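S.K.: Got a file for you: my_file-v3.txt, compact mmCIF, C-alpha atoms.
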# COMPACT_ATOMS: atom_id res chain seq x y z
CA LYS R 1 174.72 -15.17 104.97
CA ASN R 2 173.45 -12.22 106.96
CA GLU R 3 170.26 -12.55 108.95
CA VAL R 4 168.30 -9.37 109.52
CA GLU R 5 165.69 -9.21 112.26
CA GLN R 6 163.29 -6.36 112.88
CA SER R 7 161.10 -5.60 115.85
CA PRO R 8 158.33 -5.06 116.40
CA GLN R 9 156.60 -6.67 113.43
CA ASN R 10 153.50 -4.54 113.98
CA LEU R 11 153.15 -1.27 115.84
CA THR R 12 150.07 0.86 116.39
CA ALA R 13 150.50 4.23 118.10
CA GLN R 14 148.68 7.48 118.61
CA GLU R 15 149.52 10.62 116.68
CA GLY R 16 152.34 12.52 118.35
CA GLU R 17 154.01 9.52 119.95
CA PHE R 18 157.74 8.85 119.66
CA ILE R 19 158.28 5.72 117.58
CA THR R 20 161.24 3.35 117.66
CA ILE R 21 161.80 0.48 115.24
CA ASN R 22 164.74 -1.84 115.81
CA CYS R 23 166.92 -3.82 113.43
CA SER R 24 169.64 -6.32 114.26
CA TYR R 25 171.90 -8.25 111.91
CA SER R 26 174.18 -11.22 112.37
CA VAL R 27 177.20 -10.46 110.19
CA GLY R 28 179.35 -7.36 109.86
CA ILE R 29 178.12 -4.95 107.22
CA SER R 30 179.39 -2.06 105.15
CA ALA R 31 176.11 -0.13 105.23
CA LEU R 32 172.52 -0.37 106.39
CA HIS R 33 169.48 1.02 104.62
CA TRP R 34 166.18 2.09 106.10
CA LEU R 35 163.35 1.99 103.58
CA GLN R 36 159.71 3.07 103.70
CA GLN R 37 157.07 1.15 101.80
CA HIS R 38 153.54 2.48 101.37
CA PRO R 39 150.49 0.42 100.37
CA GLY R 40 150.75 -0.26 96.65
CA GLY R 41 154.34 -1.40 96.87
CA GLY R 42 156.44 1.70 96.21
CA ILE R 43 159.64 1.82 98.25
CA VAL R 44 161.49 4.98 99.22
CA SER R 45 164.99 4.99 100.61
CA LEU R 46 165.06 6.97 103.88
CA PHE R 47 168.62 6.55 105.06
CA MET R 48 171.81 4.74 104.27
CA LEU R 49 174.29 4.73 107.13
CA SER R 50 177.44 2.93 108.10
CA SER R 51 178.15 4.61 111.46
CA GLY R 52 176.72 7.02 113.97
CA LYS R 53 173.47 8.82 113.37
CA LYS R 54 171.56 10.56 110.59
CA LYS R 55 168.59 12.89 110.84
CA HIS R 56 166.10 13.98 108.22
CA GLY R 57 163.12 16.00 109.39
CA ARG R 58 161.32 13.98 112.05
CA LEU R 59 163.24 10.81 111.23
CA ILE R 60 166.41 9.75 113.00
CA ALA R 61 168.46 6.64 112.26
CA THR R 62 171.25 5.34 114.46
CA ILE R 63 173.60 2.41 114.10
CA ASN R 64 175.90 0.64 116.55
CA ILE R 65 178.40 -1.37 114.55
CA GLN R 66 179.82 -3.22 117.57
CA GLU R 67 176.38 -4.38 118.69
CA LYS R 68 175.17 -5.02 115.11
CA HIS R 69 172.06 -2.99 115.78
CA SER R 70 170.27 -0.04 114.21
CA SER R 71 167.20 1.93 115.21
CA LEU R 72 164.82 4.17 113.31
CA HIS R 73 163.05 6.82 115.36
CA ILE R 74 160.09 8.98 114.36
CA THR R 75 159.40 12.03 116.48
CA ALA R 76 155.95 13.66 116.68
CA SER R 77 154.45 10.82 114.63
CA HIS R 78 151.66 11.59 112.17
CA PRO R 79 149.11 9.37 110.40
CA ARG R 80 150.96 9.93 107.12
CA ASP R 81 153.91 8.07 108.68
CA SER R 82 151.81 4.90 108.50
CA ALA R 83 153.74 2.50 106.29
CA VAL R 84 155.97 -0.55 106.40
CA TYR R 85 159.53 0.26 107.43
CA ILE R 86 162.20 -2.12 106.22
CA CYS R 87 165.85 -2.32 107.15
CA ALA R 88 168.30 -3.86 104.71
CA ALA R 89 171.92 -4.74 105.39
CA LEU R 90 174.70 -4.58 102.87
CA SER R 91 177.41 -7.11 103.68
CA GLY R 92 181.04 -6.13 103.82
CA GLY R 93 182.10 -7.07 100.31
CA GLY R 94 178.88 -5.94 98.73
CA ALA R 95 178.82 -9.03 96.58
CA ASP R 96 175.76 -10.49 98.29
CA GLY R 97 173.65 -7.42 97.74
CA LEU R 98 171.11 -6.31 100.30
CA THR R 99 169.59 -8.63 102.89
CA PHE R 100 166.18 -7.35 103.89
CA GLY R 101 164.29 -7.63 107.14
CA LYS R 102 160.61 -8.57 106.99
CA GLY R 103 159.52 -5.05 107.80
CA THR R 104 157.64 -3.31 110.61
CA HIS R 105 154.05 -2.39 109.86
CA LEU R 106 153.41 0.96 111.53
CA ILE R 107 149.96 2.48 111.97
CA ILE R 108 149.61 5.94 113.46
CA GLN R 109 146.09 6.67 114.60
CA PRO R 110 144.81 10.25 114.70
CA GLU D 1 165.00 13.77 87.99
CA ALA D 2 162.61 11.08 86.81
CA GLY D 3 162.41 8.00 89.00
CA VAL D 4 162.53 4.32 88.18
CA ALA D 5 159.64 3.37 85.92
CA GLN D 6 158.00 -0.04 85.85
CA SER D 7 155.17 -1.53 83.86
CA PRO D 8 152.66 -2.94 84.11
CA ARG D 9 151.60 -1.95 87.62
CA TYR D 10 149.31 -4.94 87.98
CA LYS D 11 149.01 -8.27 86.21
CA ILE D 12 146.70 -11.22 86.71
CA ILE D 13 147.46 -14.45 84.89
CA GLU D 14 146.65 -18.12 85.16
CA LYS D 15 149.27 -20.64 86.21
CA ARG D 16 151.43 -21.96 83.40
CA GLN D 17 151.03 -18.73 81.45
CA SER D 18 153.95 -16.43 80.69
CA VAL D 19 154.43 -12.86 81.86
CA ALA D 20 157.00 -10.12 81.34
CA PHE D 21 157.81 -7.04 83.36
CA TRP D 22 159.66 -3.96 82.19
CA CYS D 23 161.89 -1.54 84.08
CA ASN D 24 163.43 1.76 83.02
CA PRO D 25 166.05 2.84 85.58
CA ILE D 26 167.11 6.36 86.43
CA SER D 27 169.20 7.78 83.62
CA GLY D 28 172.90 7.12 84.11
CA HIS D 29 172.49 4.46 86.77
CA ALA D 30 174.82 1.58 86.04
CA THR D 31 173.34 -0.94 88.46
CA LEU D 32 169.87 -2.43 88.14
CA TYR D 33 168.20 -4.85 90.54
CA TRP D 34 165.10 -7.02 90.34
CA TYR D 35 163.53 -8.03 93.65
CA GLN D 36 160.63 -10.33 94.48
CA GLN D 37 158.55 -9.38 97.52
CA ILE D 38 156.04 -11.94 98.72
CA LEU D 39 153.28 -10.61 100.95
CA GLY D 40 154.45 -10.14 104.52
CA GLN D 41 158.13 -10.54 103.69
CA GLY D 42 161.01 -8.26 102.82
CA PRO D 43 162.19 -8.07 99.21
CA LYS D 44 164.44 -10.85 97.92
CA LEU D 45 167.08 -10.11 95.30
CA LEU D 46 166.49 -12.04 92.08
CA ILE D 47 169.17 -10.57 89.85
CA GLN D 48 171.63 -7.69 89.79
CA PHE D 49 173.02 -6.13 86.61
CA GLN D 50 175.98 -3.84 86.25
CA ASN D 51 175.48 -2.15 82.90
CA ASN D 52 174.45 -5.09 80.68
CA GLY D 53 176.34 -7.77 82.63
CA VAL D 54 174.95 -10.01 85.38
CA VAL D 55 176.63 -9.51 88.77
CA ASP D 56 174.47 -11.84 90.88
CA ASP D 57 171.65 -14.17 89.84
CA SER D 58 172.15 -16.81 92.52
CA GLN D 59 168.56 -16.58 93.76
CA LEU D 60 166.91 -16.45 90.35
CA PRO D 61 164.90 -19.64 89.64
CA LYS D 62 166.47 -20.10 86.25
CA ASP D 63 164.17 -22.92 85.18
CA ARG D 64 161.34 -20.40 84.83
CA PHE D 65 162.72 -16.89 85.35
CA SER D 66 164.90 -14.97 82.93
CA ALA D 67 166.05 -11.39 82.78
CA GLU D 68 167.99 -9.27 80.38
CA ARG D 69 169.32 -5.77 80.20
CA LEU D 70 170.20 -5.16 76.61
CA LYS D 71 172.31 -2.06 75.98
CA GLY D 72 172.69 -1.56 79.72
CA VAL D 73 169.56 0.57 80.13
CA ASP D 74 166.04 -0.94 80.22
CA SER D 75 165.50 -4.39 81.62
CA THR D 76 162.85 -7.07 81.30
CA LEU D 77 162.07 -9.89 83.71
CA LYS D 78 160.14 -12.87 82.37
CA ILE D 79 158.42 -15.79 84.06
CA GLN D 80 157.63 -18.80 81.91
CA PRO D 81 155.62 -20.75 83.00
CA ALA D 82 154.21 -19.03 86.06
CA LYS D 83 153.32 -20.89 89.26
CA LEU D 84 150.92 -19.92 92.02
CA GLU D 85 153.83 -19.18 94.36
CA ASP D 86 155.11 -16.52 91.96
CA SER D 87 152.34 -14.20 93.14
CA ALA D 88 154.26 -11.26 94.56
CA VAL D 89 155.33 -7.70 93.94
CA TYR D 90 158.29 -7.45 91.58
CA LEU D 91 160.40 -4.43 92.36
CA CYS D 92 163.04 -2.87 90.16
CA ALA D 93 165.72 -0.63 91.65
CA SER D 94 168.67 1.22 90.21
CA GLY D 95 171.79 2.73 91.66
CA GLY D 96 175.24 4.00 90.89
CA VAL D 97 178.34 1.97 90.19
CA LEU D 98 179.21 1.44 93.85
CA VAL D 99 177.03 -1.10 95.66
CA GLN D 100 177.19 1.10 98.75
CA GLU D 101 175.23 3.80 96.97
CA THR D 102 171.54 4.35 97.61
CA GLN D 103 169.15 2.24 95.59
CA TYR D 104 166.12 3.94 94.09
CA PHE D 105 163.06 1.76 93.82
CA GLY D 106 160.32 1.72 91.24
CA PRO D 107 156.63 1.41 92.15
CA GLY D 108 156.65 -2.34 91.57
CA THR D 109 154.50 -4.71 89.53
CA ARG D 110 151.93 -6.66 91.50
CA LEU D 111 151.50 -10.14 90.01
CA LEU D 112 148.66 -12.47 90.88
CA VAL D 113 148.82 -16.01 89.53
CA LEU D 114 145.50 -17.87 89.66
Would you write the structure of this file as structure tokens?
M.R.:
Amino acid sequence: KNEVEQSPQNLTAQEGEFITINCSYSVGISALHWLQQHPGGGIVSLFMLSSGKKKHGRLIATINIQEKHSSLHITASHPRDSAVYICAALSGGGADGLTFGKGTHLIIQP
Amino acid sequence: EAGVAQSPRYKIIEKRQSVAFWCNPISGHATLYWYQQILGQGPKLLIQFQNNGVVDDSQLPKDRFSAERLKGVDSTLKIQPAKLEDSAVYLCASGGVLVQETQYFGPGTRLLVL
């Protein structure tokens, strides 16, 4: 069974700072999701990637398959980026579904 | 397109009572997931449907939890009887046929068991 670890668990930063959230997993995967969860529970899928790098606006996600590691970066952070960011790994066969990390609670202060 | 709909948004019950949650996935999505998210933790998969068949229910506490997806569209998740430790957010997600496809999450139902 895959184990997904995220760091840091909590992160408070000032508006404008460059943010990095890390995710590591123990077993080879077919894809990794980055999700954003706002207070109230709603979850939005930000990225799904299986190699390389993806960019959407101020968000960048990278993955290193050999090192079993992924990072989510936020450039020019803004208070509206405050949320819980969760990475979830999809194992190779897909039969086990997604294994979720515990999330990183990000607060961006104005 | 309309997103995944869930109801109710909030529910407070006493232990040993029963409760049911409803999910309407995005139109045309074959796969439907129910997750349980306890405060401070990532979501945990309870059950996965492909159309109206169960793909994975290995983590569903079957002595008290049940789920169905009649006609391969809407789904209900029931807890009977509820325990204090069932207090959590119950998330429904839907996706395409391939498990590698993006999952779209509903707003969740927040359950508090007293």
S.K.: Pick out the residues sitting within 8 Å of Gln14 in chain R, and hand them over as a list in words; count all atoms listed in the file, and ignore anything fewer than 3 positions along from it in its own chain.
M.R.: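 What passes the distance filter is Glu17, Ser77, Ile108, Gln109 and Pro110 of chain R.
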S.K.: Taking all atoms listed in the file into account, produce a table as a tab-separated table in which each residue of chain D with an atom at most 9 Å from an atom of chain R appears once, together with its shortest atom pair and the distance in Å to one decimal, ordered by chain and rising number.
M.R.:
residue	atom	partner	partner_atom	distance
D:Gly40	CA	R:Lys102	CA	6.8
D:Gln41	CA	R:Lys102	CA	4.6
D:Gly42	CA	R:Lys102	CA	4.2
D:Pro43	CA	R:Phe100	CA	6.2
D:Lys44	CA	R:Phe100	CA	7.1
D:Leu45	CA	R:Leu98	CA	7.5
D:Gln48	CA	R:Gly97	CA	8.2
D:Val55	CA	R:Ala95	CA	8.1
D:Asp56	CA	R:Asp96	CA	7.6
D:Val89	CA	R:Gly41	CA	7.0
D:Tyr90	CA	R:Gly41	CA	9.0
D:Leu91	CA	R:Gly41	CA	8.1
D:Leu98	CA	R:Gly94	CA	8.9
D:Val99	CA	R:Gly94	CA	6.0
D:Gln100	CA	R:Ala31	CA	6.7
D:Glu101	CA	R:Met48	CA	8.1
D:Thr102	CA	R:Met48	CA	6.7
D:Gln103	CA	R:Ser45	CA	7.1
D:Tyr104	CA	R:Ser45	CA	6.7
D:Phe105	CA	R:Ile43	CA	5.6
D:Gly106	CA	R:Gly42	CA	6.3
D:Pro107	CA	R:Gly42	CA	4.1
D:Gly108	CA	R:Gly41	CA	5.9
D:Thr109	CA	R:Gly41	CA	8.1
D:Arg110	CA	R:Gly41	CA	7.9
S.K.: Would you write out those residues with C-alpha atoms, as a compact mmCIF listing (two decimals), keeping the file's coordinate frame?
M.R.:
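The resulting file, out27.txt, is shown below:
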# COMPACT_ATOMS: atom_id res chain seq x y z
CA GLY D 40 154.45 -10.14 104.52
CA GLN D 41 158.13 -10.54 103.69
CA GLY D 42 161.01 -8.26 102.82
CA PRO D 43 162.19 -8.07 99.21
CA LYS D 44 164.44 -10.85 97.92
CA LEU D 45 167.08 -10.11 95.30
CA GLN D 48 171.63 -7.69 89.79
CA VAL D 55 176.63 -9.51 88.77
CA ASP D 56 174.47 -11.84 90.88
CA VAL D 89 155.33 -7.70 93.94
CA TYR D 90 158.29 -7.45 91.58
CA LEU D 91 160.40 -4.43 92.36
CA LEU D 98 179.21 1.44 93.85
CA VAL D 99 177.03 -1.10 95.66
CA GLN D 100 177.19 1.10 98.75
CA GLU D 101 175.23 3.80 96.97
CA THR D 102 171.54 4.35 97.61
CA GLN D 103 169.15 2.24 95.59
CA TYR D 104 166.12 3.94 94.09
CA PHE D 105 163.06 1.76 93.82
CA GLY D 106 160.32 1.72 91.24
CA PRO D 107 156.63 1.41 92.15
CA GLY D 108 156.65 -2.34 91.57
CA THR D 109 154.50 -4.71 89.53
CA ARG D 110 151.93 -6.66 91.50
S.K.: Which one is closest to Tyr35 in chain D: D:Ser94, D:Ser7, D:Gln80, D:Gln17? Count all atoms listed in the file.
M.R.: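 Result for the nearest residue to Tyr35 in chain D: D:Ser94.
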S.K.: In terms of the shortest atom-to-atom distance over only C-alpha atoms, which of D:Lys71, D:His29, D:Lys62, D:Arg16 is closest to Glu85 in chain D?
M.R.: D:Arg16
S.K.: Set the distance at 8 Å and use all atoms listed in the file: which residues neighbour Ala67 in chain D once local chain neighbours fewer than 4 positions away are removed? I'd like the list as a list in words.
M.R.: Ile47, Ser75, Thr76, Leu77 and Lys78 of chain D
S.K.: Quick one: residues within 6 Å of Ile12 in chain D, only C-alpha atoms counted, chain neighbours fewer than 5 positions away excluded, as a PDB file with C-alpha atoms, keeping the file's coordinate frame?
M.R.:
ATOM      1  CA  LEU D 111     151.500 -10.140  90.010  1.00  0.00           C
ATOM      2  CA  LEU D 112     148.660 -12.470  90.880  1.00  0.00           C
ATOM      3  CA  VAL D 113     148.820 -16.010  89.530  1.00  0.00           C
TER       4      VAL D 113
END
S.K.: In Å to one decimal, how far is CA of Gln36 in chain R from CA of Gly72 in chain D?
M.R.: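 Taking CA of Gly72 in chain D and CA of Gln36 in chain R, their separation equals 27.7 Å.
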S.K.: Which residues are close to Gln66 in chain R, i.e. within 12 Å by all atoms listed in the file, leaving aside same-chain residues fewer than 4 positions away? Reply as an MDAnalysis selection string.
M.R.: chainID R and resid 24:29 50:52 70
S.K.: If I take CA of Asn52 in chain D and CA of Ile38 in chain D, how far is one from the other in Å, to one decimal?
M.R.: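 One can read the CA of Asn52 in chain D to CA of Ile38 in chain D distance as 26.7 Å.
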S.K.: So what do you get for CA of Leu114 in chain D versus CA of Lys11 in chain D, distance-wise?
M.R.: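 These two atoms are separated by 10.8 Å.
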S.K.: Enumerate, as a VMD selection string, the protein, DNA and RNA residues whose atoms approach (160.9, 2.3, 82.4) to within 8 Å, taking into account all atoms listed in the file and the coordinate frame of the file.
M.R.: chain D and resid 4 to 7 22 to 25 74
S.K.: In the coordinates of the file, take the point (151.1, -19.0, 79.9) and a cut-off of 10 Å; then, counting all atoms listed in the file, name each qualifying protein, DNA or RNA residue as a VMD selection string.
M.R.: chain D and resid 13 to 19 79 to 83
S.K.: Please identify all polymer residues within 7 Å of Ser7 in chain R, counting all atoms listed in the file, omitting same-chain residues fewer than 5 positions from it, and present them as a list of chain:residue names.
M.R.: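 In the requested format, the answer is R:Ile21, R:Asn22, R:Cys23, R:Thr104.
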S.K.: Export C-alpha atoms of the chosen residues as a CSV table (one decimal), in the coordinates of the input?
M.R.:
chain,number,residue,atom,x,y,z
R,21,ILE,CA,161.8,0.5,115.2
R,22,ASN,CA,164.7,-1.8,115.8
R,23,CYS,CA,166.9,-3.8,113.4
R,104,THR,CA,157.6,-3.3,110.6
